[in-house]
Every structure is written in C-alpha cells, then in structure tokens.
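Q: Sharing model.cif below, mmCIF, C-alpha atoms:
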```cif
data_protein
#
loop_
_atom_site.label_atom_id
_atom_site.label_comp_id
_atom_site.auth_asym_id
_atom_site.auth_seq_id
_atom_site.Cartn_x
_atom_site.Cartn_y
_atom_site.Cartn_z
CA MET A 318 85.42 76.86 83.08
CA THR A 319 82.40 77.05 85.31
CA LYS A 320 79.77 79.71 85.75
CA VAL A 321 80.18 81.78 88.89
CA THR A 322 77.16 83.74 90.07
CA MET A 323 77.26 86.58 92.58
CA THR A 324 75.59 89.88 93.33
CA VAL A 325 77.73 92.81 92.23
CA ASN A 326 76.61 96.33 93.11
CA GLY A 327 73.12 95.04 93.78
CA LYS A 328 72.70 93.19 90.49
CA ALA A 329 72.73 89.42 90.04
CA VAL A 330 75.59 88.63 87.65
CA SER A 331 77.13 85.53 86.22
CA ALA A 332 80.32 84.96 84.25
CA GLU A 333 82.63 82.11 83.27
CA ALA A 334 85.62 81.54 85.53
CA GLU A 335 88.49 79.08 85.70
CA GLY A 336 89.61 77.82 89.09
CA ARG A 337 92.47 80.32 88.98
CA THR A 338 90.34 83.32 87.98
CA LEU A 339 90.89 85.97 90.64
CA LEU A 340 87.98 88.14 91.73
CA VAL A 341 89.63 91.18 90.17
CA ASN A 342 89.84 89.46 86.78
CA TYR A 343 86.27 88.24 87.09
CA LEU A 344 85.17 91.83 87.68
CA ARG A 345 87.36 93.49 85.05
CA GLU A 346 87.34 90.92 82.26
CA GLY A 347 84.21 88.91 83.02
CA LEU A 348 81.92 91.82 83.86
CA GLY A 349 83.73 94.78 82.27
CA LEU A 350 83.95 96.59 85.62
CA THR A 351 87.38 98.12 85.14
CA GLY A 352 87.15 100.61 88.00
CA THR A 353 88.84 98.08 90.29
CA HIS A 354 92.57 98.31 89.57
CA VAL A 355 95.38 95.79 89.67
CA GLY A 356 98.38 97.56 91.14
CA CYS A 357 100.94 95.18 92.53
CA ASP A 358 99.08 91.86 92.14
CA THR A 359 100.82 90.72 95.34
CA SER A 360 98.28 91.96 97.94
CA GLN A 361 100.56 94.78 99.06
CA CYS A 362 99.08 97.91 97.45
CA GLY A 363 95.31 97.81 97.97
CA ALA A 364 94.35 99.30 94.56
CA CYS A 365 92.08 96.27 94.05
CA VAL A 366 90.13 96.53 97.33
CA VAL A 367 86.39 95.78 96.98
CA HIS A 368 83.78 94.78 99.55
CA VAL A 369 82.75 91.14 99.84
CA ASN A 370 79.72 90.61 102.07
CA GLY A 371 80.39 94.07 103.49
CA LYS A 372 84.10 93.53 104.26
CA ALA A 373 87.08 95.04 102.48
CA VAL A 374 89.17 92.42 100.70
CA LYS A 375 91.98 92.51 98.16
CA SER A 376 90.32 91.21 95.01
CA CYS A 377 93.70 90.14 93.57
CA THR A 378 94.04 87.61 96.40
CA VAL A 379 90.74 85.75 96.35
CA PHE A 380 89.39 83.34 93.76
CA ALA A 381 86.08 84.18 92.07
CA ALA A 382 84.97 80.55 92.45
CA ASP A 383 85.33 80.88 96.24
CA LEU A 384 82.72 83.66 96.21
CA GLU A 385 79.78 81.88 94.60
CA GLY A 386 76.66 83.65 95.91
CA ALA A 387 78.59 86.51 97.56
CA GLU A 388 77.56 90.17 97.68
CA VAL A 389 80.29 92.26 96.11
CA ARG A 390 80.51 96.03 95.94
CA THR A 391 83.01 97.83 93.72
CA ILE A 392 83.84 101.47 93.06
CA GLU A 393 81.19 101.44 90.31
CA GLY A 394 78.60 100.86 93.04
CA MET A 395 79.68 103.76 95.23
CA ALA A 396 77.90 106.69 93.59
CA ASN A 397 74.43 107.73 94.75
CA ALA A 398 71.40 106.34 92.93
CA ASP A 399 71.03 109.56 90.92
CA GLY A 400 74.61 109.28 89.70
CA SER A 401 76.00 112.02 91.93
CA LEU A 402 79.16 111.31 93.92
CA SER A 403 78.77 109.67 97.32
CA VAL A 404 79.92 111.57 100.40
CA ILE A 405 83.30 109.82 100.40
CA GLN A 406 83.88 110.34 96.68
CA GLN A 407 82.89 113.99 96.95
CA ALA A 408 85.27 114.45 99.88
CA PHE A 409 88.12 112.98 97.82
CA GLN A 410 87.33 115.53 95.08
CA ASP A 411 86.95 118.45 97.50
CA HIS A 412 90.20 117.73 99.32
CA HIS A 413 92.19 116.72 96.27
CA GLY A 414 92.54 113.24 97.69
CA LEU A 415 93.92 111.93 94.43
CA GLN A 416 96.76 112.79 92.11
CA CYS A 417 97.17 110.22 89.33
CA GLY A 418 94.05 108.43 90.60
CA PHE A 419 95.31 104.89 90.23
CA CYS A 420 95.03 103.99 93.92
CA THR A 421 91.76 105.90 94.35
CA PRO A 422 89.23 103.08 93.85
CA GLY A 423 90.94 101.03 96.55
CA MET A 424 91.36 104.06 98.82
CA VAL A 425 87.65 104.88 98.52
CA MET A 426 86.59 101.28 99.18
CA SER A 427 88.91 100.93 102.20
CA SER A 428 87.76 104.31 103.52
CA ALA A 429 84.12 103.27 103.17
CA ALA A 430 84.87 100.05 105.08
CA LEU A 431 86.59 102.06 107.82
CA LEU A 432 83.69 104.52 108.20
CA ALA A 433 81.18 101.65 108.30
CA GLU A 434 83.10 100.15 111.26
CA ASN A 435 84.18 103.39 112.90
CA PRO A 436 82.07 106.40 111.82
CA LYS A 437 84.25 109.02 113.59
CA PRO A 438 87.86 107.83 113.34
CA SER A 439 90.77 109.87 114.62
CA GLU A 440 93.47 110.94 112.20
CA ALA A 441 95.73 108.22 113.62
CA GLU A 442 93.01 105.60 113.14
CA VAL A 443 92.53 106.63 109.51
CA ARG A 444 96.25 106.38 108.84
CA HIS A 445 96.44 103.00 110.57
CA TYR A 446 93.41 101.59 108.74
CA LEU A 447 94.73 102.65 105.34
CA GLU A 448 98.06 100.90 106.00
CA GLY A 449 97.28 98.35 103.29
CA ASN A 450 96.60 100.98 100.61
CA ILE A 451 99.61 102.51 98.94
CA CYS A 452 99.53 105.82 97.03
CA ARG A 453 102.46 105.83 94.67
CA CYS A 454 102.10 109.65 94.30
CA THR A 455 102.46 109.82 98.13
CA GLY A 456 99.33 111.98 98.35
CA TYR A 457 98.46 110.66 101.79
CA HIS A 458 97.77 113.92 103.64
CA ASN A 459 94.90 114.87 101.36
CA ILE A 460 93.51 111.35 101.43
CA ILE A 461 93.46 111.51 105.24
CA LYS A 462 91.74 114.91 105.07
CA ALA A 463 89.14 113.54 102.65
CA VAL A 464 88.31 110.60 104.94
CA LEU A 465 88.03 112.86 107.99
CA ALA A 466 85.80 115.25 106.01
CA ALA A 467 83.63 112.36 104.81
CA SER A 468 83.14 111.36 108.46
CA GLY A 469 81.69 114.81 109.12
CA GLN A 470 84.58 115.89 111.31
CA ASP A 471 86.67 119.02 111.14
CA VAL A 472 89.61 118.62 108.85
CA PRO A 473 92.81 119.55 110.62
CA ALA A 474 95.73 121.16 108.87
CA VAL A 475 97.83 118.03 108.43
CA ALA A 476 101.47 118.97 108.75
CA ALA A 477 103.92 117.60 106.26
CA GLU A 478 106.18 115.21 108.12
CA MET B 1177 99.43 80.78 87.92
CA HIS B 1178 98.79 77.23 86.74
CA ASN B 1179 95.14 76.30 86.57
CA PHE B 1180 93.51 73.83 88.96
CA ASP B 1181 90.14 72.34 89.83
CA PHE B 1182 88.29 74.16 92.55
CA THR B 1183 86.00 72.57 95.09
CA LYS B 1184 84.24 74.03 98.11
CA PRO B 1185 82.86 71.42 100.51
CA SER B 1186 80.47 72.36 103.30
CA THR B 1187 81.54 69.78 105.91
CA ILE B 1188 84.88 68.64 107.36
CA ALA B 1189 84.16 65.07 106.21
CA GLU B 1190 83.69 66.19 102.59
CA ALA B 1191 86.84 68.31 102.76
CA VAL B 1192 88.91 65.41 104.09
CA LYS B 1193 87.59 63.18 101.31
CA ALA B 1194 88.41 65.79 98.64
CA LEU B 1195 91.91 66.23 100.09
CA SER B 1196 92.66 62.52 99.76
CA ALA B 1197 92.96 62.95 95.97
CA GLU B 1198 96.43 63.12 94.39
CA GLY B 1199 97.68 66.73 94.17
CA ALA B 1200 94.89 68.18 96.31
CA GLN B 1201 95.71 71.13 98.57
CA ALA B 1202 93.65 72.87 101.25
CA LEU B 1203 92.88 76.57 100.73
CA SER B 1204 91.84 78.68 103.68
CA GLY B 1205 91.92 82.51 103.42
CA GLY B 1206 94.56 82.27 100.70
CA GLN B 1207 96.54 85.33 101.80
CA THR B 1208 99.77 83.32 101.62
CA LEU B 1209 98.83 80.45 99.33
CA ILE B 1210 97.48 82.58 96.45
CA PRO B 1211 100.65 84.75 96.22
CA THR B 1212 102.68 81.52 96.43
CA MET B 1213 100.70 80.05 93.53
CA LYS B 1214 101.17 83.24 91.51
CA GLN B 1215 104.91 82.73 91.87
CA ARG B 1216 104.43 79.12 90.80
CA LEU B 1217 106.02 77.94 94.03
CA ALA B 1218 102.87 75.87 94.49
CA ALA B 1219 100.80 74.30 91.72
CA PRO B 1220 98.06 72.11 93.18
CA VAL B 1221 95.91 69.94 90.92
CA THR B 1222 92.85 70.61 93.07
CA LEU B 1223 92.19 73.32 95.61
CA VAL B 1224 89.80 72.46 98.41
CA SER B 1225 88.38 75.61 99.96
CA LEU B 1226 87.79 75.38 103.70
CA THR B 1227 85.93 78.70 103.97
CA GLY B 1228 82.45 77.26 103.39
CA ILE B 1229 82.50 74.89 106.38
CA ALA B 1230 80.24 76.24 109.15
CA GLU B 1231 81.73 73.95 111.85
CA MET B 1232 85.17 75.54 111.29
CA GLN B 1233 83.97 79.11 111.89
CA GLY B 1234 83.65 81.22 114.99
CA VAL B 1235 84.93 81.96 118.47
CA CYS B 1236 83.36 80.60 121.68
CA MET B 1237 84.27 79.65 125.26
CA GLY B 1238 84.19 75.91 125.90
CA GLU B 1239 85.99 73.06 127.61
CA GLY B 1240 89.67 73.94 128.04
CA GLY B 1241 89.32 77.62 127.15
CA LEU B 1242 88.64 79.64 124.06
CA HIS B 1243 87.75 77.61 120.96
CA ILE B 1244 88.49 79.21 117.61
CA GLY B 1245 87.35 77.56 114.40
CA ALA B 1246 90.31 77.12 112.07
CA ALA B 1247 88.64 79.02 109.21
CA THR B 1248 87.84 82.06 111.36
CA PRO B 1249 89.34 85.21 109.82
CA HIS B 1250 91.73 87.36 111.87
CA ALA B 1251 89.24 90.26 111.92
CA VAL B 1252 86.61 88.06 113.59
CA VAL B 1253 89.09 86.84 116.21
CA ALA B 1254 90.15 90.46 116.85
CA ARG B 1255 86.51 91.35 117.52
CA ASP B 1256 85.07 88.23 119.19
CA ALA B 1257 88.04 87.12 121.31
CA ALA B 1258 88.53 90.57 122.85
CA ALA B 1259 86.26 89.96 125.84
CA HIS B 1260 87.82 86.55 126.62
CA TYR B 1261 91.49 86.79 125.68
CA PRO B 1262 92.51 90.40 124.93
CA ALA B 1263 96.16 89.63 124.10
CA LEU B 1264 95.11 87.10 121.46
CA ALA B 1265 92.52 89.50 120.01
CA ALA B 1266 95.14 92.26 119.85
CA LEU B 1267 97.55 89.94 118.04
CA ALA B 1268 94.88 89.00 115.48
CA GLY B 1269 94.03 92.69 114.99
CA GLY B 1270 97.65 93.50 114.18
CA ILE B 1271 98.24 90.94 111.42
CA GLY B 1272 98.78 92.36 107.92
CA ASP B 1273 96.23 95.08 107.13
CA PRO B 1274 92.42 95.25 107.42
CA ALA B 1275 91.72 93.63 104.03
CA VAL B 1276 94.14 90.78 104.73
CA ARG B 1277 92.54 90.28 108.17
CA ASN B 1278 89.12 89.86 106.54
CA ARG B 1279 90.36 86.82 104.58
CA GLY B 1280 93.34 85.28 106.36
CA THR B 1281 92.54 82.60 108.96
CA ILE B 1282 94.14 81.16 112.10
CA GLY B 1283 94.15 77.63 110.69
CA GLY B 1284 95.84 78.75 107.49
CA SER B 1285 98.46 80.64 109.43
CA ILE B 1286 99.46 77.80 111.72
CA ALA B 1287 99.24 75.13 109.00
CA ASN B 1288 101.74 77.18 106.99
CA ASN B 1289 103.92 78.00 110.05
CA ASP B 1290 105.72 80.91 108.44
CA PRO B 1291 108.74 81.71 110.65
CA ALA B 1292 107.64 85.38 110.82
CA ALA B 1293 103.88 84.86 111.27
CA CYS B 1294 102.21 86.16 114.45
CA TYR B 1295 99.77 83.35 115.31
CA PRO B 1296 102.31 80.56 115.97
CA SER B 1297 103.68 82.59 118.91
CA ALA B 1298 100.21 82.88 120.46
CA VAL B 1299 99.49 79.17 120.01
CA LEU B 1300 102.87 78.11 121.46
CA GLY B 1301 102.95 80.88 124.08
CA SER B 1302 99.48 79.95 125.35
CA GLY B 1303 100.17 76.22 125.32
CA ALA B 1304 97.12 75.87 123.09
CA THR B 1305 95.82 72.63 121.62
CA VAL B 1306 95.62 72.24 117.85
CA VAL B 1307 92.59 70.15 116.94
CA THR B 1308 92.60 68.34 113.59
CA ASN B 1309 90.22 65.99 111.83
CA ARG B 1310 92.20 63.11 113.41
CA ARG B 1311 93.56 64.14 116.82
CA LYS B 1312 94.48 66.83 119.32
CA ILE B 1313 98.07 68.07 119.20
CA ALA B 1314 99.74 70.05 122.00
CA ALA B 1315 101.38 73.24 120.70
CA ASP B 1316 104.75 72.01 122.00
CA ASP B 1317 104.51 69.02 119.64
CA TYR B 1318 102.85 70.82 116.73
CA PHE B 1319 105.49 73.32 115.53
CA GLN B 1320 108.48 71.44 114.09
CA GLY B 1321 110.59 74.11 112.38
CA MET B 1322 110.24 76.66 109.60
CA PHE B 1323 107.14 75.86 107.47
CA THR B 1324 106.99 72.44 109.17
CA THR B 1325 104.29 71.10 111.48
CA ALA B 1326 103.09 67.79 112.90
CA LEU B 1327 100.27 67.71 110.30
CA GLU B 1328 100.24 64.57 108.17
CA GLU B 1329 99.05 64.14 104.59
CA GLY B 1330 95.34 64.78 104.40
CA GLU B 1331 95.16 66.15 107.94
CA ILE B 1332 93.62 69.60 108.46
CA VAL B 1333 93.43 71.90 111.45
CA THR B 1334 89.77 72.23 112.43
CA SER B 1335 90.06 74.40 115.55
CA VAL B 1336 92.48 75.72 118.15
CA VAL B 1337 91.73 75.70 121.89
CA PHE B 1338 93.46 78.38 123.97
CA PRO B 1339 93.70 78.12 127.76
CA ILE B 1340 93.21 81.62 129.17
CA PRO B 1341 96.22 82.93 131.11
CA GLU B 1342 96.07 85.32 134.06
CA LYS B 1343 97.95 87.91 132.02
CA ALA B 1344 99.40 88.02 128.52
CA ALA B 1345 100.68 90.31 125.81
CA TYR B 1346 102.12 90.11 122.33
CA VAL B 1347 104.62 92.71 121.18
CA LYS B 1348 105.61 92.77 117.55
CA PHE B 1349 108.46 94.67 115.94
CA ASN B 1350 106.94 95.24 112.53
CA GLN B 1351 108.74 94.69 109.28
CA PRO B 1352 106.87 97.63 107.75
CA ALA B 1353 106.89 96.51 104.11
CA SER B 1354 105.56 92.98 104.65
CA ARG B 1355 103.80 93.71 107.98
CA PHE B 1356 105.15 90.40 109.26
CA ALA B 1357 107.05 90.29 112.53
CA LEU B 1358 110.72 91.18 112.20
CA THR B 1359 110.58 89.67 115.67
CA GLY B 1360 107.53 89.17 117.90
CA VAL B 1361 107.21 87.87 121.44
CA PHE B 1362 104.13 86.41 123.12
CA VAL B 1363 104.28 86.21 126.92
CA ALA B 1364 101.58 84.44 128.95
CA LYS B 1365 101.48 84.16 132.74
CA PHE B 1366 99.57 81.14 134.02
CA LYS B 1367 99.04 80.10 137.64
CA ASP B 1368 101.69 77.39 137.28
CA GLY B 1369 104.28 79.37 135.31
CA VAL B 1370 105.11 81.70 132.45
CA ARG B 1371 105.45 80.83 128.79
CA VAL B 1372 107.45 82.94 126.33
CA ALA B 1373 107.17 82.23 122.60
CA VAL B 1374 109.22 84.01 119.97
CA THR B 1375 108.41 84.38 116.27
CA GLY B 1376 110.26 86.06 113.41
CA ALA B 1377 113.69 85.49 114.95
CA SER B 1378 114.83 81.91 114.52
CA ASN B 1379 115.76 79.85 111.47
CA ASP B 1380 113.80 77.06 113.18
CA GLY B 1381 110.60 79.12 113.32
CA VAL B 1382 108.65 79.83 116.49
CA PHE B 1383 110.37 78.73 119.73
CA ARG B 1384 110.08 79.01 123.50
CA TRP B 1385 112.70 80.98 125.40
CA ALA B 1386 113.20 78.66 128.37
CA GLU B 1387 115.60 80.86 130.42
CA ALA B 1388 113.18 83.77 130.31
CA GLU B 1389 110.29 81.49 131.28
CA ALA B 1390 112.18 80.32 134.37
CA ALA B 1391 113.18 83.85 135.37
CA LEU B 1392 109.69 85.26 134.80
CA SER B 1393 107.99 82.40 136.62
CA ALA B 1394 109.99 83.43 139.71
CA ASP B 1395 109.52 87.18 139.21
CA PHE B 1396 107.10 88.46 136.54
CA SER B 1397 108.82 91.76 135.76
CA ALA B 1398 111.00 93.08 132.95
CA LYS B 1399 113.98 93.36 135.32
CA ALA B 1400 113.86 89.62 135.94
CA ILE B 1401 115.33 89.02 132.48
CA ALA B 1402 117.81 91.92 132.57
CA GLY B 1403 120.76 89.59 133.13
CA LEU B 1404 119.84 87.13 130.36
CA THR B 1405 121.28 87.11 126.86
CA VAL B 1406 119.97 85.45 123.72
CA ASP B 1407 122.43 83.56 121.54
CA ALA B 1408 122.51 84.96 117.99
CA ASP B 1409 123.47 81.53 116.68
CA GLY B 1410 120.60 80.17 114.58
CA MET B 1411 118.79 83.51 114.35
CA ILE B 1412 117.56 84.79 110.99
CA SER B 1413 119.88 87.23 109.27
CA ASP B 1414 118.61 89.18 106.27
CA LEU B 1415 118.64 92.70 104.83
CA HIS B 1416 116.11 93.82 107.45
CA GLY B 1417 118.17 92.77 110.47
CA THR B 1418 121.21 90.73 111.44
CA ALA B 1419 121.09 87.69 113.69
CA ALA B 1420 122.59 89.73 116.55
CA TYR B 1421 119.96 92.44 116.05
CA ARG B 1422 117.14 89.89 116.22
CA ALA B 1423 118.68 88.21 119.26
CA ASN B 1424 118.68 91.57 121.02
CA LEU B 1425 115.10 92.23 119.91
CA VAL B 1426 113.97 88.98 121.53
CA LYS B 1427 115.09 90.25 124.92
CA VAL B 1428 113.85 93.81 124.43
CA LEU B 1429 110.42 92.71 123.22
CA THR B 1430 110.08 90.11 125.97
CA GLY B 1431 110.61 92.87 128.52
CA ARG B 1432 108.05 95.07 126.79
CA ALA B 1433 105.53 92.24 126.61
CA VAL B 1434 105.92 91.54 130.33
CA THR B 1435 105.34 95.21 131.10
CA ALA B 1436 102.35 95.36 128.73
CA ALA B 1437 100.75 92.11 129.98
CA ARG B 1438 97.26 92.46 131.40
#
```
Could you write out this file's structure as structure tokens?

A:
Amino acid sequence: MTKVTMTVNGKAVSAEAEGRTLLVNYLREGLGLTGTHVGCDTSQCGACVVHVNGKAVKSCTVFAADLEGAEVRTIEGMANADGSLSVIQQAFQDHHGLQCGFCTPGMVMSSAALLAENPKPSEAEVRHYLEGNICRCTGYHNIIKAVLAASGQDVPAVAAE
Amino acid sequence: MHNFDFTKPSTIAEAVKALSAEGAQALSGGQTLIPTMKQRLAAPVTLVSLTGIAEMQGVCMGEGGLHIGAATPHAVVARDAAAHYPALAALAGGIGDPAVRNRGTIGGSIANNDPAACYPSAVLGSGATVVTNRRKIAADDYFQGMFTTALEEGEIVTSVVFPIPEKAAYVKFNQPASRFALTGVFVAKFKDGVRVAVTGASNDGVFRWAEAEAALSADFSAKAIAGLTVDADGMISDLHGTAAYRANLVKVLTGRAVTAAR
C-alpha cells in the first residue's frame, strides 16, 4: 500500500492504494464518494465516468496510482457552490432524464464533458457522444432532451424509434 | 485482479530499465490491459506506466511525416492530427467511445495488435515507421499475426512516424457492442502507389490486400476493384459474422474507402 494524493472536487485528498486499486475504488472506498457507480466493471457501461484533468474517463479502467497529483471531478462536485443543482443536473430532473438513476452519475459527467467541448451539440452529436454510457432502463430520449436543454437549445420532441 | 507493484517513470531510459525486471509489463492507457488483468489473463509482477513520459506525448510534423508519441491518447490524435492527416485523425476519433479515447494510446494499441483494432490498419496502410527504444521498424515488418509484433522483450514503442498520402480514408464496419471493427479498411493513395490495409477480418490480424492495391494503383476508383474477390479462407468467423461475410465486407469497405478518400 502506498499513499496516493490527488485533488478531488477541488480538495486535496490522500488515501492508501494498492497497485491494483482502481480509481473508482479509491473514490468509493478510500474517500467515501459513492456517487460514482460501478456498473459493468468492464469499461462498457460508463456508470463510473469521472473527469480526470478535465477529460471524461472510465474510473473502473484506470489505476489510482497512475493519477498521483491529478485533478479529479466526480458527481459530488457537480452541484453549485450553494448546494443547488447545476444546469445539467437540473435539466436531468426537469426532463426526467433518469429512471432508476444508476447510470445517471456517469451520464451527467459525460454530458458535462460533451458540453465543455461542444457547447451547442446537435441531437445526433449528443447521441454519438453518449455512445459509451448505457442506460439499462433505456431512458435515452429524455437523457438526450436533458442534455440539449442544458446546452440552452430548444428541446425537440424526440420521436420514439 | 492479482496485485502488482506500480511504477511510473518519467523518461524512456527509466522505463526501459524498470521493464528489464522479471515479470514487468508496460502499461499505457490500459483500456485493454486493465480488463485483461481483471480477467486474470495477465498477472504482471510489476506494471510500468508509460503515461508520465513527456517525450512519448504529442503530435507534430517532422522528418518523414507526422510524428505521434506512443503514449498520445486517441482523443489528442483526433484533434491534433486533423490538420495534417485527416484520415488518421478520423480513425482515432472513431475508436471506442469518448472516455476510452481519453485514455487509450496509439502505442498501446499497436503493441497489443488486436486483430480487430483500428490503428494497425492505419500504420500498415500508411506504410508508417514504428520507432522503439532500440530501432525503427517498417510497418510491413512490424505486424506478425494476431496479437504478435516484431517487438522483443523489453522493447517499447516510443513513437510512430506516418508519411502523409495524397488521399486516404478509413471505413469501419462497427461491431456495435464492443465498438471494435467487425471489419475495417484503410486506403492510402501515395504518388508511387496505393496501399490497402484490412483489420478485423483475418485470423492473422491486419493484412494488406495486394490485388486491390495493384488495381487501385492503376485506377483509383471503386469500380477498379469490382471484379476482385476476397478468399474467405483464413477469415475470422464468429457469432457476429461468418468468414464469407467478412470477406465480402473487405471488398465493400475498400470501395467505400476509395470513394471517401480525400
């Protein structure tokens, strides 16, 4: 075990990690930040997406020890400073962008990464970007609406396919 | 996953030294190696991370073409190679999904040489040079069959140099669950001829389709290959597609890549 130090949601943190400790376990078990979910544990589903140095990564497929000194942002760091929901989170609530909620932390983090890169994505771009995030409830249409709303664009009536 | 010692050198020389230890294994973006370790198909004693080595990062034009540091993530290649080699940038931007592209690297991909990975087709199709800590290896000598390369014990890819063709395109038929190529074809037209590299199709991994190269070098159009057929013998057959299906895809996608080349 070695101590791994990083900045998580703006705070300097430090916790013990083995070589094999994945970032998601470091966050959940080391720091008690259980908002980041383990879905598939095989980098398919995206429930564990967090931002590392501003980029979306699957925290189940990166070792904590590889991120010594990194800036990490998780779903716990997404709300506004006063505790109110961020624009993206509020849009997910307003558009019912979640059903069981399990995939939601990863969906919100991936959506935030998309809007940082591309502030006004088209519907097709949103769908394409969220390819690596799976909603087991299949609630995709409302997730797409939430992301478009969070980008400040009109929300189209998304037809069921 | 079995535990291991973790080390993160900051120079190629330190990495090479660390890799000389018994049971040491290089780790790049980890998007294949970490899942493999979770399945206990790999259990290194020591992992040597290559992601902290500045001299293995980045994209720049230089002698012989476009130089890409082996530890450069796909997302960076997609962004920074776009102005120099659009077909390569587009290929990098289509690997996996955005989160995978932020970690996975070109060096990791070609060191692993997965038979369905995208990058080997670009490296072989461009006639690129694989640069290691010991030597420079021509793409034609580098890929030696499924998951097999010319790399020796303790040798790591440090960069890849791509000559820039007049026109090129990569067309991938996605396997939608894994996002690997069910079959993918990279076509590059150089002044002295055309190269066609196919991934995802063959049991031997990435390969060049020589008949199509000859036909396309004479006439760079999809109709030039209309009369050719691809032998299904030796093609991958699995629940996603039979050998005959993949053989047909090779021809169809080659035609599409020729039409899409720019």

Q: Specify as a PyMOL selection string each residue included when the PyMOL selection byres ((chain A) within 10 of (chain B)) is applied to this file.

A: chain A and resi 318-319+335-339+358-361+363+366-369+372-380+382-385+427+430-431+445-450

Q: Can you work out which one of A:Gln470, A:Thr421, A:Gln406, A:Thr324 has the shortest atom-to-atom distance to Cys362 (chain A), counting only C-alpha atoms?

A: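 So, comparing all the options, the nearest one is A:Thr421.
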
Q: In Å, rounded to a single decimal, give me how far CA of Ala1254 (chain B) is from CA of Asn1309 (chain B).

A: 25.0 Å

Q: Rank nothing, just name the residue among B:Leu1264, B:Leu1327, B:Leu1429, B:Val1221 nearest to Ile1340 (chain B), using only C-alpha atoms.

A: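 The shortest atom-to-atom distance to Ile1340 (chain B) comes from B:Leu1264.
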
Q: How many Å lie between CA of Leu402 (chain A) and CA of Ala429 (chain A), rounded to one decimal?

A: 13.2 Å

Q: Counting all atoms listed in the file, which residue out of A:Ala433, A:Lys320, A:Lys462, A:Thr351 sits closest to Phe409 (chain A)?

A: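 Answer, going by the shortest atom-to-atom distance: A:Lys462.
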
Q: Apply the PyMOL selection byres ((chain B and resi 1417) around 12) to the displayed file and report the matching residues as a VMD selection string.

A: chain B and resid 1349 to 1351 1357 to 1359 1376 to 1377 1408 1411 to 1416 1418 to 1425
